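Engineer: File structure-v5.pdb follows (PDB, C-alpha atoms, pLDDT in the B column):
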ATOM      1  CA  MET J   1      66.862 124.777 195.190  1.00 92.00           C
ATOM      2  CA  ALA J   2      70.466 124.817 196.370  1.00 93.00           C
ATOM      3  CA  ILE J   3      70.825 126.728 199.638  1.00 96.00           C
ATOM      4  CA  THR J   4      74.418 127.572 200.510  1.00 95.00           C
ATOM      5  CA  LYS J   5      75.984 125.365 203.196  1.00 94.00           C
ATOM      6  CA  CYS J   6      73.090 122.895 203.030  1.00 95.00           C
ATOM      7  CA  ALA J   7      74.646 119.864 201.286  1.00 92.00           C
ATOM      8  CA  SER J   8      74.011 121.364 197.853  1.00 90.00           C
ATOM      9  CA  THR J   9      77.250 120.002 196.342  1.00 88.00           C
ATOM     10  CA  THR J  10      76.337 116.473 197.430  1.00 89.00           C
ATOM     11  CA  VAL J  11      72.826 116.752 195.966  1.00 90.00           C
ATOM     12  CA  GLU J  12      74.243 118.309 192.794  1.00 86.00           C
ATOM     13  CA  ALA J  13      76.454 115.253 192.297  1.00 85.00           C
ATOM     14  CA  LEU J  14      73.503 112.907 192.835  1.00 87.00           C
ATOM     15  CA  LEU J  15      71.494 114.658 190.106  1.00 85.00           C
ATOM     16  CA  SER J  16      74.324 115.406 187.679  1.00 79.00           C
ATOM     17  CA  ASN J  17      73.585 112.462 185.367  1.00 76.00           C
ATOM     18  CA  GLN J  18      69.930 113.381 184.867  1.00 72.00           C
ATOM     19  CA  LYS J  19      68.722 114.571 181.488  1.00 63.00           C
ATOM     20  CA  GLY J  20      67.113 117.953 181.038  1.00 67.00           C
ATOM     21  CA  LEU J  21      67.810 121.452 182.278  1.00 66.00           C
ATOM     22  CA  PHE J  22      70.597 121.337 184.866  1.00 66.00           C
ATOM     23  CA  ILE J  23      71.645 124.586 186.522  1.00 72.00           C
ATOM     24  CA  ALA J  24      74.809 123.909 188.480  1.00 66.00           C
ATOM     25  CA  GLY J  25      78.572 124.314 188.427  1.00 65.00           C
ATOM     26  CA  THR J  26      79.614 127.790 189.497  1.00 73.00           C
ATOM     27  CA  PRO J  27      78.121 128.986 192.809  1.00 72.00           C
ATOM     28  CA  GLY J  28      76.372 131.891 191.100  1.00 77.00           C
ATOM     29  CA  LEU J  29      74.320 129.437 189.034  1.00 83.00           C
ATOM     30  CA  LYS J  30      73.978 126.574 191.484  1.00 87.00           C
ATOM     31  CA  HIS J  31      72.614 128.830 194.211  1.00 92.00           C
ATOM     32  CA  THR J  32      69.993 130.494 192.030  1.00 93.00           C
ATOM     33  CA  THR J  33      67.081 131.679 194.164  1.00 96.00           C
ATOM     34  CA  TYR J  34      63.487 130.705 193.528  1.00 97.00           C
ATOM     35  CA  LYS J  35      62.704 134.336 192.653  1.00 97.00           C
ATOM     36  CA  LEU J  36      65.187 134.246 189.774  1.00 95.00           C
ATOM     37  CA  PHE J  37      63.936 130.831 188.722  1.00 94.00           C
ATOM     38  CA  GLU J  38      60.376 132.158 188.790  1.00 96.00           C
ATOM     39  CA  ALA J  39      61.308 135.227 186.760  1.00 96.00           C
ATOM     40  CA  HIS J  40      63.485 133.609 184.088  1.00 94.00           C
ATOM     41  CA  ILE J  41      63.298 129.802 183.993  1.00 93.00           C
ATOM     42  CA  LEU J  42      59.629 129.053 184.678  1.00 95.00           C
ATOM     43  CA  PRO J  43      58.463 131.282 181.796  1.00 96.00           C
ATOM     44  CA  LEU J  44      60.843 129.402 179.490  1.00 93.00           C
ATOM     45  CA  LEU J  45      59.460 126.045 180.632  1.00 92.00           C
ATOM     46  CA  GLU J  46      55.919 127.321 180.207  1.00 94.00           C
ATOM     47  CA  ALA J  47      56.700 128.544 176.693  1.00 96.00           C
ATOM     48  CA  LYS J  48      57.971 125.052 175.863  1.00 92.00           C
ATOM     49  CA  LYS J  49      54.849 123.503 177.444  1.00 94.00           C
ATOM     50  CA  ILE J  50      56.928 121.793 180.130  1.00 90.00           C
ATOM     51  CA  PRO J  51      55.050 121.358 183.437  1.00 89.00           C
ATOM     52  CA  ARG J  52      56.306 123.193 186.492  1.00 90.00           C
ATOM     53  CA  PRO J  53      58.831 120.961 188.300  1.00 90.00           C
ATOM     54  CA  HIS J  54      58.444 119.797 191.861  1.00 92.00           C
ATOM     55  CA  PHE J  55      60.848 121.907 193.923  1.00 94.00           C
ATOM     56  CA  PHE J  56      62.772 120.621 196.912  1.00 95.00           C
ATOM     57  CA  ALA J  57      65.565 121.906 199.123  1.00 97.00           C
ATOM     58  CA  ILE J  58      67.702 120.806 202.042  1.00 97.00           C
ATOM     59  CA  THR J  59      67.473 123.031 205.114  1.00 98.00           C
ATOM     60  CA  ARG J  60      69.839 123.197 208.048  1.00 97.00           C
ATOM     61  CA  GLU J  61      69.691 124.223 211.668  1.00 98.00           C
ATOM     62  CA  PRO J  62      70.924 127.858 211.635  1.00 98.00           C
ATOM     63  CA  ALA J  63      73.550 127.236 214.322  1.00 98.00           C
ATOM     64  CA  GLU J  64      75.017 124.347 212.304  1.00 96.00           C
ATOM     65  CA  ARG J  65      74.943 126.403 209.121  1.00 97.00           C
ATOM     66  CA  LEU J  66      76.730 129.272 210.862  1.00 96.00           C
ATOM     67  CA  LEU J  67      79.345 126.803 212.101  1.00 95.00           C
ATOM     68  CA  SER J  68      79.778 125.535 208.540  1.00 93.00           C
ATOM     69  CA  TRP J  69      80.348 129.082 207.274  1.00 93.00           C
ATOM     70  CA  TYR J  70      82.892 129.602 210.055  1.00 92.00           C
ATOM     71  CA  LYS J  71      84.795 126.468 209.016  1.00 90.00           C
ATOM     72  CA  TYR J  72      84.589 127.411 205.348  1.00 88.00           C
ATOM     73  CA  ARG J  73      86.085 130.830 206.044  1.00 86.00           C
ATOM     74  CA  GLN J  74      89.121 129.211 207.633  1.00 83.00           C
ATOM     75  CA  ARG J  75      90.163 127.269 204.538  1.00 75.00           C
ATOM     76  CA  ASP J  76      93.665 127.539 203.100  1.00 67.00           C
ATOM     77  CA  ARG J  77      92.547 129.273 199.913  1.00 63.00           C
ATOM     78  CA  ILE J  78      91.141 132.077 202.061  1.00 65.00           C
ATOM     79  CA  VAL J  79      94.215 132.176 204.313  1.00 61.00           C
ATOM     80  CA  ASN J  80      96.436 132.503 201.242  1.00 64.00           C
ATOM     81  CA  ALA J  81      94.200 134.946 199.366  1.00 59.00           C
ATOM     82  CA  LYS J  82      95.648 138.254 198.224  1.00 64.00           C
ATOM     83  CA  GLU J  83      95.564 140.842 200.995  1.00 63.00           C
ATOM     84  CA  GLY J  84      92.677 143.250 200.580  1.00 60.00           C
ATOM     85  CA  SER J  85      90.696 140.862 198.366  1.00 58.00           C
ATOM     86  CA  ARG J  86      87.139 139.801 199.169  1.00 61.00           C
ATOM     87  CA  LYS J  87      88.367 136.350 200.158  1.00 60.00           C
ATOM     88  CA  SER J  88      90.987 137.675 202.555  1.00 58.00           C
ATOM     89  CA  ASP J  89      88.407 139.989 204.133  1.00 64.00           C
ATOM     90  CA  ASN J  90      86.259 136.926 204.875  1.00 75.00           C
ATOM     91  CA  TYR J  91      89.036 135.038 206.667  1.00 78.00           C
ATOM     92  CA  ALA J  92      87.839 133.949 210.120  1.00 79.00           C
ATOM     93  CA  GLY J  93      90.846 131.917 211.220  1.00 75.00           C
ATOM     94  CA  ASN J  94      91.833 134.376 213.929  1.00 82.00           C
ATOM     95  CA  LEU J  95      88.517 133.881 215.727  1.00 89.00           C
ATOM     96  CA  THR J  96      87.013 131.110 217.801  1.00 91.00           C
ATOM     97  CA  PHE J  97      83.549 130.001 216.758  1.00 93.00           C
ATOM     98  CA  GLU J  98      82.054 131.732 219.781  1.00 94.00           C
ATOM     99  CA  GLU J  99      83.667 135.004 218.677  1.00 94.00           C
ATOM    100  CA  TYR J 100      82.461 134.447 215.123  1.00 94.00           C
ATOM    101  CA  ALA J 101      78.928 133.782 216.378  1.00 96.00           C
ATOM    102  CA  GLU J 102      78.980 136.976 218.436  1.00 95.00           C
ATOM    103  CA  GLY J 103      79.958 138.875 215.305  1.00 95.00           C
ATOM    104  CA  ALA J 104      77.091 137.320 213.341  1.00 96.00           C
ATOM    105  CA  LEU J 105      74.633 138.203 216.109  1.00 96.00           C
ATOM    106  CA  SER J 106      75.748 141.823 216.370  1.00 94.00           C
ATOM    107  CA  ILE J 107      73.454 144.640 215.264  1.00 87.00           C
ATOM    108  CA  ARG J 108      75.695 145.655 212.349  1.00 89.00           C
ATOM    109  CA  PRO J 109      77.822 142.615 211.461  1.00 87.00           C
ATOM    110  CA  ASP J 110      80.843 143.009 209.184  1.00 87.00           C
ATOM    111  CA  LYS J 111      80.638 141.254 205.819  1.00 85.00           C
ATOM    112  CA  MET J 112      82.752 138.377 207.186  1.00 88.00           C
ATOM    113  CA  PHE J 113      79.723 137.376 209.254  1.00 91.00           C
ATOM    114  CA  LYS J 114      77.083 137.888 206.572  1.00 90.00           C
ATOM    115  CA  PHE J 115      75.462 135.357 204.257  1.00 93.00           C
ATOM    116  CA  LYS J 116      72.080 134.969 202.611  1.00 95.00           C
ATOM    117  CA  PRO J 117      69.323 133.552 204.853  1.00 97.00           C
ATOM    118  CA  GLN J 118      67.942 130.158 203.868  1.00 98.00           C
ATOM    119  CA  ARG J 119      64.453 131.542 203.394  1.00 98.00           C
ATOM    120  CA  ALA J 120      65.730 134.000 200.773  1.00 98.00           C
ATOM    121  CA  PHE J 121      66.507 131.080 198.448  1.00 98.00           C
ATOM    122  CA  LEU J 122      62.984 129.684 198.683  1.00 98.00           C
ATOM    123  CA  VAL J 123      60.471 132.544 198.504  1.00 98.00           C
ATOM    124  CA  ASP J 124      58.606 133.816 195.457  1.00 97.00           C
ATOM    125  CA  GLN J 125      57.886 137.417 194.506  1.00 96.00           C
ATOM    126  CA  SER J 126      55.156 137.596 197.161  1.00 97.00           C
ATOM    127  CA  GLN J 127      57.670 136.489 199.839  1.00 97.00           C
ATOM    128  CA  LYS J 128      55.954 133.132 200.363  1.00 97.00           C
ATOM    129  CA  VAL J 129      57.960 129.901 200.468  1.00 98.00           C
ATOM    130  CA  ALA J 130      57.272 128.336 197.063  1.00 97.00           C
ATOM    131  CA  VAL J 131      59.327 125.155 197.417  1.00 97.00           C
ATOM    132  CA  GLU J 132      57.087 122.160 198.042  1.00 96.00           C
ATOM    133  CA  THR J 133      59.482 119.814 199.831  1.00 97.00           C
ATOM    134  CA  LEU J 134      61.946 120.889 202.515  1.00 98.00           C
ATOM    135  CA  ILE J 135      64.151 118.225 204.098  1.00 98.00           C
ATOM    136  CA  ARG J 136      66.216 118.668 207.239  1.00 98.00           C
ATOM    137  CA  ALA J 137      69.882 118.103 206.456  1.00 96.00           C
ATOM    138  CA  GLU J 138      70.372 115.475 209.152  1.00 95.00           C
ATOM    139  CA  HIS J 139      67.571 113.380 207.602  1.00 96.00           C
ATOM    140  CA  MET J 140      68.585 113.649 203.944  1.00 94.00           C
ATOM    141  CA  ASP J 141      70.252 110.214 203.827  1.00 92.00           C
ATOM    142  CA  GLU J 142      67.007 108.673 205.016  1.00 93.00           C
ATOM    143  CA  LEU J 143      64.541 110.780 203.007  1.00 95.00           C
ATOM    144  CA  LEU J 144      66.214 111.649 199.707  1.00 94.00           C
ATOM    145  CA  PRO J 145      65.979 108.047 198.421  1.00 93.00           C
ATOM    146  CA  HIS J 146      62.180 108.197 198.802  1.00 93.00           C
ATOM    147  CA  LEU J 147      62.058 111.509 196.927  1.00 93.00           C
ATOM    148  CA  PHE J 148      64.248 110.188 194.128  1.00 92.00           C
ATOM    149  CA  ARG J 149      62.337 106.929 193.750  1.00 91.00           C
ATOM    150  CA  HIS J 150      59.047 108.808 193.657  1.00 92.00           C
ATOM    151  CA  TYR J 151      60.314 110.490 190.481  1.00 88.00           C
ATOM    152  CA  ARG J 152      62.011 107.321 189.195  1.00 88.00           C
ATOM    153  CA  ILE J 153      65.511 108.668 189.741  1.00 87.00           C
ATOM    154  CA  ALA J 154      68.083 105.996 190.522  1.00 83.00           C
ATOM    155  CA  TRP J 155      69.600 106.129 193.998  1.00 85.00           C
ATOM    156  CA  PRO J 156      73.300 105.131 194.177  1.00 79.00           C
ATOM    157  CA  ASP J 157      74.606 102.332 196.378  1.00 72.00           C
ATOM    158  CA  THR J 158      76.846 104.811 198.180  1.00 68.00           C
ATOM    159  CA  VAL J 159      76.624 108.565 198.612  1.00 68.00           C
ATOM    160  CA  GLU J 160      79.832 110.571 198.676  1.00 67.00           C
ATOM    161  CA  ARG J 161      79.691 113.698 200.798  1.00 66.00           C
ATOM    162  CA  ARG J 162      81.099 116.683 198.927  1.00 60.00           C
ATOM    163  CA  ASN J 163      82.602 120.023 199.965  1.00 61.00           C
ATOM    164  CA  ILE J 164      82.809 119.246 203.685  1.00 62.00           C
ATOM    165  CA  SER J 165      84.847 121.762 205.645  1.00 62.00           C
ATOM    166  CA  PRO J 166      87.347 120.304 208.120  1.00 60.00           C
ATOM    167  CA  THR J 167      86.992 120.853 211.854  1.00 62.00           C
ATOM    168  CA  PHE J 168      89.324 123.453 213.322  1.00 61.00           C
ATOM    169  CA  LYS J 169      90.439 124.129 216.856  1.00 62.00           C
ATOM    170  CA  GLY J 170      88.001 126.493 218.517  1.00 64.00           C
ATOM    171  CA  SER J 171      85.022 125.355 216.428  1.00 73.00           C
ATOM    172  CA  LYS J 172      83.093 123.667 219.240  1.00 83.00           C
ATOM    173  CA  MET J 173      79.614 124.910 220.104  1.00 93.00           C
ATOM    174  CA  THR J 174      77.939 124.750 223.499  1.00 95.00           C
ATOM    175  CA  ASP J 175      74.232 123.988 223.864  1.00 96.00           C
ATOM    176  CA  GLU J 176      73.724 127.471 225.286  1.00 97.00           C
ATOM    177  CA  LEU J 177      75.345 129.121 222.266  1.00 97.00           C
ATOM    178  CA  ARG J 178      73.367 126.906 219.877  1.00 97.00           C
ATOM    179  CA  LYS J 179      70.125 128.032 221.513  1.00 98.00           C
ATOM    180  CA  ARG J 180      71.158 131.694 221.405  1.00 97.00           C
ATOM    181  CA  ILE J 181      71.937 131.487 217.685  1.00 98.00           C
ATOM    182  CA  ASN J 182      68.786 129.620 216.689  1.00 98.00           C
ATOM    183  CA  GLU J 183      66.444 131.834 218.695  1.00 98.00           C
ATOM    184  CA  SER J 184      68.133 135.150 217.906  1.00 97.00           C
ATOM    185  CA  ASP J 185      66.392 137.845 215.867  1.00 96.00           C
ATOM    186  CA  THR J 186      68.968 137.213 213.139  1.00 96.00           C
ATOM    187  CA  PHE J 187      68.226 133.515 212.700  1.00 97.00           C
ATOM    188  CA  ILE J 188      64.772 132.835 214.164  1.00 98.00           C
ATOM    189  CA  THR J 189      63.046 132.947 210.756  1.00 98.00           C
ATOM    190  CA  ASP J 190      65.420 130.334 209.355  1.00 98.00           C
ATOM    191  CA  TYR J 191      65.063 128.293 212.537  1.00 98.00           C
ATOM    192  CA  GLU J 192      61.291 128.201 212.108  1.00 98.00           C
ATOM    193  CA  LEU J 193      61.784 127.222 208.456  1.00 98.00           C
ATOM    194  CA  TYR J 194      64.099 124.413 209.519  1.00 98.00           C
ATOM    195  CA  ARG J 195      61.735 123.197 212.245  1.00 98.00           C
ATOM    196  CA  GLY J 196      58.921 123.089 209.711  1.00 97.00           C
ATOM    197  CA  SER J 197      60.948 120.966 207.273  1.00 98.00           C
ATOM    198  CA  THR J 198      60.284 117.256 206.883  1.00 96.00           C
ATOM    199  CA  SER J 199      62.080 114.814 209.154  1.00 96.00           C
ATOM    200  CA  THR J 200      60.094 111.597 208.588  1.00 97.00           C
ATOM    201  CA  LYS J 201      59.081 109.517 205.584  1.00 95.00           C
ATOM    202  CA  GLN J 202      55.411 110.174 206.279  1.00 95.00           C
ATOM    203  CA  GLU J 203      55.938 113.940 206.259  1.00 96.00           C
ATOM    204  CA  LEU J 204      57.961 113.709 203.067  1.00 96.00           C
ATOM    205  CA  LEU J 205      55.393 111.626 201.198  1.00 94.00           C
ATOM    206  CA  ALA J 206      52.700 114.130 202.150  1.00 95.00           C
ATOM    207  CA  THR J 207      54.560 116.749 200.089  1.00 95.00           C
ATOM    208  CA  LEU J 208      54.916 114.427 197.076  1.00 91.00           C
ATOM    209  CA  LYS J 209      51.309 114.391 195.941  1.00 67.00           C
ATOM    210  CA  PRO J 210      51.517 116.496 192.792  1.00 57.00           C
ATOM    211  CA  ARG J 211      48.462 117.500 190.863  1.00 48.00           C
ATOM    212  CA  GLU J 212      47.715 115.328 187.863  1.00 50.00           C
ATOM    213  CA  LYS J 213      49.228 117.720 185.353  1.00 51.00           C
ATOM    214  CA  HIS J 214      52.516 117.791 187.318  1.00 46.00           C
ATOM    215  CA  ARG J 215      52.959 114.058 187.528  1.00 48.00           C
ATOM    216  CA  ARG J 216      55.558 113.895 184.784  1.00 51.00           C
ATOM    217  CA  ALA J 217      57.659 116.763 186.057  1.00 57.00           C
ATOM    218  CA  LYS J 218      60.982 115.886 187.665  1.00 61.00           C
ATOM    219  CA  PRO J 219      62.121 117.669 190.834  1.00 64.00           C
ATOM    220  CA  VAL J 220      64.459 120.645 190.921  1.00 65.00           C
TER     221      VAL J 220
END
As structure tokens - that is how I would like this structure written.
Structural biologist:
Amino acid sequence: MAITKCASTTVEALLSNQKGLFIAGTPGLKHTTYKLFEAHILPLLEAKKIPRPHFFAITREPAERLLSWYKYRQRDRIVNAKEGSRKSDNYAGNLTFEEYAEGALSIRPDKMFKFKPQRAFLVDQSQKVAVETLIRAEHMDELLPHLFRHYRIAWPDTVERRNISPTFKGSKMTDELRKRINESDTFITDYELYRGSTSTKQELLATLKPREKHRRAKPV
């Protein structure tokens, strides 16, 4: 599952040459939630007698993800967007990251500071996380090759990072601010999700023990 601002474009590129059902491209498709997948895609696979895939996702420390959104909302295409448009309303270039973080932590944040929580991409209709393998973003270079090889997916010699936002002046984060963001009421659920994600090969392999009938299913 492709969580926004969690290396999804890089993973998309790594899987783009695989055969089968590939939901990607426009953000509205690439960032399909598990709930939508459960409601519309899994019934189709079941009707075609295709086993349920093994689901995985990259998770990110909430403070780092918030910083990534801040950088993204300073890009030129947002600066130059038509005044009054949704893009122009999301422009954060007039703020330091600390100011942006304060806006995100406020009781009623403006839409500039809003984005879907990571957990919302991963839960089923009963609100339980239904994705088997969660990998911390900072460990994906180490762990993704093991996941791919487990499902006999070729791993490239080099991995090109995609859609990385540049660093802007005022985008530094203190340890104190990082702690405040991660442990805030707004982000604590995602922080717990991130902390529970795999960070070692041993933890990863423990999630890759599919039941016999799932053994042929490729990951999603």
Engineer: So which one's closest to Phe121 of chain J, J:Phe56, J:Asn17, J:Arg195, J:His146? Using all atoms listed in the file, please.
Structural biologist: J:Phe56
Engineer: Written as a PyMOL selection string, which residues does the PyMOL selection byres ((chain J and resi 27) around 12) give for the file shown?
Structural biologist: chain J and resi 2-5+8-9+12+23-26+28-33
Engineer: Using only C-alpha atoms, please write the residues we just selected to a file, as a PDB file, keeping the file's coordinate frame.
Structural biologist:
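Result saved to selection-v7.pdb:
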ATOM      1  CA  ALA J   2      70.466 124.817 196.370  1.00 93.00           C
ATOM      2  CA  ILE J   3      70.825 126.728 199.638  1.00 96.00           C
ATOM      3  CA  THR J   4      74.418 127.572 200.510  1.00 95.00           C
ATOM      4  CA  LYS J   5      75.984 125.365 203.196  1.00 94.00           C
ATOM      5  CA  SER J   8      74.011 121.364 197.853  1.00 90.00           C
ATOM      6  CA  THR J   9      77.250 120.002 196.342  1.00 88.00           C
ATOM      7  CA  GLU J  12      74.243 118.309 192.794  1.00 86.00           C
ATOM      8  CA  ILE J  23      71.645 124.586 186.522  1.00 72.00           C
ATOM      9  CA  ALA J  24      74.809 123.909 188.480  1.00 66.00           C
ATOM     10  CA  GLY J  25      78.572 124.314 188.427  1.00 65.00           C
ATOM     11  CA  THR J  26      79.614 127.790 189.497  1.00 73.00           C
ATOM     12  CA  GLY J  28      76.372 131.891 191.100  1.00 77.00           C
ATOM     13  CA  LEU J  29      74.320 129.437 189.034  1.00 83.00           C
ATOM     14  CA  LYS J  30      73.978 126.574 191.484  1.00 87.00           C
ATOM     15  CA  HIS J  31      72.614 128.830 194.211  1.00 92.00           C
ATOM     16  CA  THR J  32      69.993 130.494 192.030  1.00 93.00           C
ATOM     17  CA  THR J  33      67.081 131.679 194.164  1.00 96.00           C
TER      18      THR J  33
END
Engineer: Figure out the distance between atom CA of Tyr194 of chain J and atom CA of Phe115 of chain J, please, to one decimal in Å.
Structural biologist: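 About the pair atom CA of Phe115 of chain J and atom CA of Tyr194 of chain J: they are 16.6 Å apart.
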Engineer: If you measure from atom CA of Glu203 of chain J to atom CA of Gln118 of chain J, what distance in Å do you get, rounded to one decimal?
Structural biologist: 20.3 Å
Engineer: Spell out the residues picked by the PyMOL selection byres ((chain J and resi 142) around 12) here, as a PDB file with C-alpha atoms, in the coordinates of the input.
Structural biologist:
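File produced: part_32.pdb:
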ATOM      1  CA  ILE J 135      64.151 118.225 204.098  1.00 98.00           C
ATOM      2  CA  ARG J 136      66.216 118.668 207.239  1.00 98.00           C
ATOM      3  CA  ALA J 137      69.882 118.103 206.456  1.00 96.00           C
ATOM      4  CA  GLU J 138      70.372 115.475 209.152  1.00 95.00           C
ATOM      5  CA  HIS J 139      67.571 113.380 207.602  1.00 96.00           C
ATOM      6  CA  MET J 140      68.585 113.649 203.944  1.00 94.00           C
ATOM      7  CA  ASP J 141      70.252 110.214 203.827  1.00 92.00           C
ATOM      8  CA  LEU J 143      64.541 110.780 203.007  1.00 95.00           C
ATOM      9  CA  LEU J 144      66.214 111.649 199.707  1.00 94.00           C
ATOM     10  CA  PRO J 145      65.979 108.047 198.421  1.00 93.00           C
ATOM     11  CA  HIS J 146      62.180 108.197 198.802  1.00 93.00           C
ATOM     12  CA  LEU J 147      62.058 111.509 196.927  1.00 93.00           C
ATOM     13  CA  PHE J 148      64.248 110.188 194.128  1.00 92.00           C
ATOM     14  CA  TRP J 155      69.600 106.129 193.998  1.00 85.00           C
ATOM     15  CA  VAL J 159      76.624 108.565 198.612  1.00 68.00           C
ATOM     16  CA  THR J 198      60.284 117.256 206.883  1.00 96.00           C
ATOM     17  CA  SER J 199      62.080 114.814 209.154  1.00 96.00           C
ATOM     18  CA  THR J 200      60.094 111.597 208.588  1.00 97.00           C
ATOM     19  CA  LYS J 201      59.081 109.517 205.584  1.00 95.00           C
ATOM     20  CA  GLN J 202      55.411 110.174 206.279  1.00 95.00           C
ATOM     21  CA  LEU J 204      57.961 113.709 203.067  1.00 96.00           C
TER      22      LEU J 204
END
Engineer: Could you check how far atom CA of Glu132 of chain J sits from atom CA of Ala63 of chain J, in Å to one decimal?
Structural biologist: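 These atoms are spaced 23.7 Å apart.
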Engineer: I'd like to know which of J:Glu38, J:Tyr191, J:Leu208, J:Lys179 is closest to Arg149 of chain J, using only C-alpha atoms.
Structural biologist: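 Residue with the minimum atom-to-atom distance to Arg149 of chain J: J:Leu208.
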Engineer: Ranking J:Thr133, J:Asn182, J:Thr174, J:Thr207 by minimum distance to Leu66 of chain J and counting only C-alpha atoms, which one comes first?
Structural biologist: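 Selected residue with least distance to Leu66 of chain J: J:Asn182.
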Engineer: Go ahead and find all residues with at least one atom no further than 12 Å from (61.5, 133.1, 201.3) in the file's coordinates, using all atoms listed in the file; report them as number ranges by chain.
Structural biologist: J: 1, 3, 33-35, 116-131, 189-190, 192-193
Engineer: Using all atoms listed in the file, pick whichever of J:Thr96, J:Ser106, J:Gln74, J:Asn90 has the shortest atom-to-atom distance to Phe187 of chain J.
Structural biologist: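 Comparing J:Thr96, J:Ser106, J:Gln74, J:Asn90 against Phe187 of chain J, the winner is J:Ser106.
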Engineer: Please complete segment 31-45 of chain J so it has N, CA and C atoms, and hand it over as a CSV table (one decimal), keeping the file's coordinate frame.
Structural biologist:
chain,number,residue,atom,x,y,z
J,31,HIS,N,73.4,128.3,193.1
J,31,HIS,CA,72.6,128.8,194.2
J,31,HIS,C,71.6,129.9,193.7
J,32,THR,N,71.1,129.6,192.5
J,32,THR,CA,70.0,130.5,192.0
J,32,THR,C,68.8,130.5,193.0
J,33,THR,N,68.2,131.6,193.3
J,33,THR,CA,67.1,131.7,194.2
J,33,THR,C,65.8,131.3,193.4
J,34,TYR,N,64.8,131.0,194.2
J,34,TYR,CA,63.5,130.7,193.5
J,34,TYR,C,63.0,131.9,192.8
J,35,LYS,N,63.2,133.1,193.3
J,35,LYS,CA,62.7,134.3,192.7
J,35,LYS,C,63.3,134.4,191.2
J,36,LEU,N,64.6,134.2,191.1
J,36,LEU,CA,65.2,134.2,189.8
J,36,LEU,C,64.7,133.1,188.9
J,37,PHE,N,64.5,132.0,189.5
J,37,PHE,CA,63.9,130.8,188.7
J,37,PHE,C,62.5,131.2,188.2
J,38,GLU,N,61.7,131.8,189.1
J,38,GLU,CA,60.4,132.2,188.8
J,38,GLU,C,60.3,133.2,187.7
J,39,ALA,N,61.3,134.1,187.7
J,39,ALA,CA,61.3,135.2,186.8
J,39,ALA,C,61.8,134.8,185.4
J,40,HIS,N,62.8,133.9,185.3
J,40,HIS,CA,63.5,133.6,184.1
J,40,HIS,C,63.3,132.2,183.6
J,41,ILE,N,63.3,131.2,184.4
J,41,ILE,CA,63.3,129.8,184.0
J,41,ILE,C,61.9,129.3,183.8
J,42,LEU,N,61.0,129.6,184.8
J,42,LEU,CA,59.6,129.1,184.7
J,42,LEU,C,58.9,129.6,183.4
J,43,PRO,N,59.1,130.8,183.1
J,43,PRO,CA,58.5,131.3,181.8
J,43,PRO,C,59.0,130.5,180.6
J,44,LEU,N,60.3,130.2,180.6
J,44,LEU,CA,60.8,129.4,179.5
J,44,LEU,C,60.2,128.0,179.4
J,45,LEU,N,60.1,127.4,180.6
J,45,LEU,CA,59.5,126.0,180.6
J,45,LEU,C,58.0,126.1,180.2
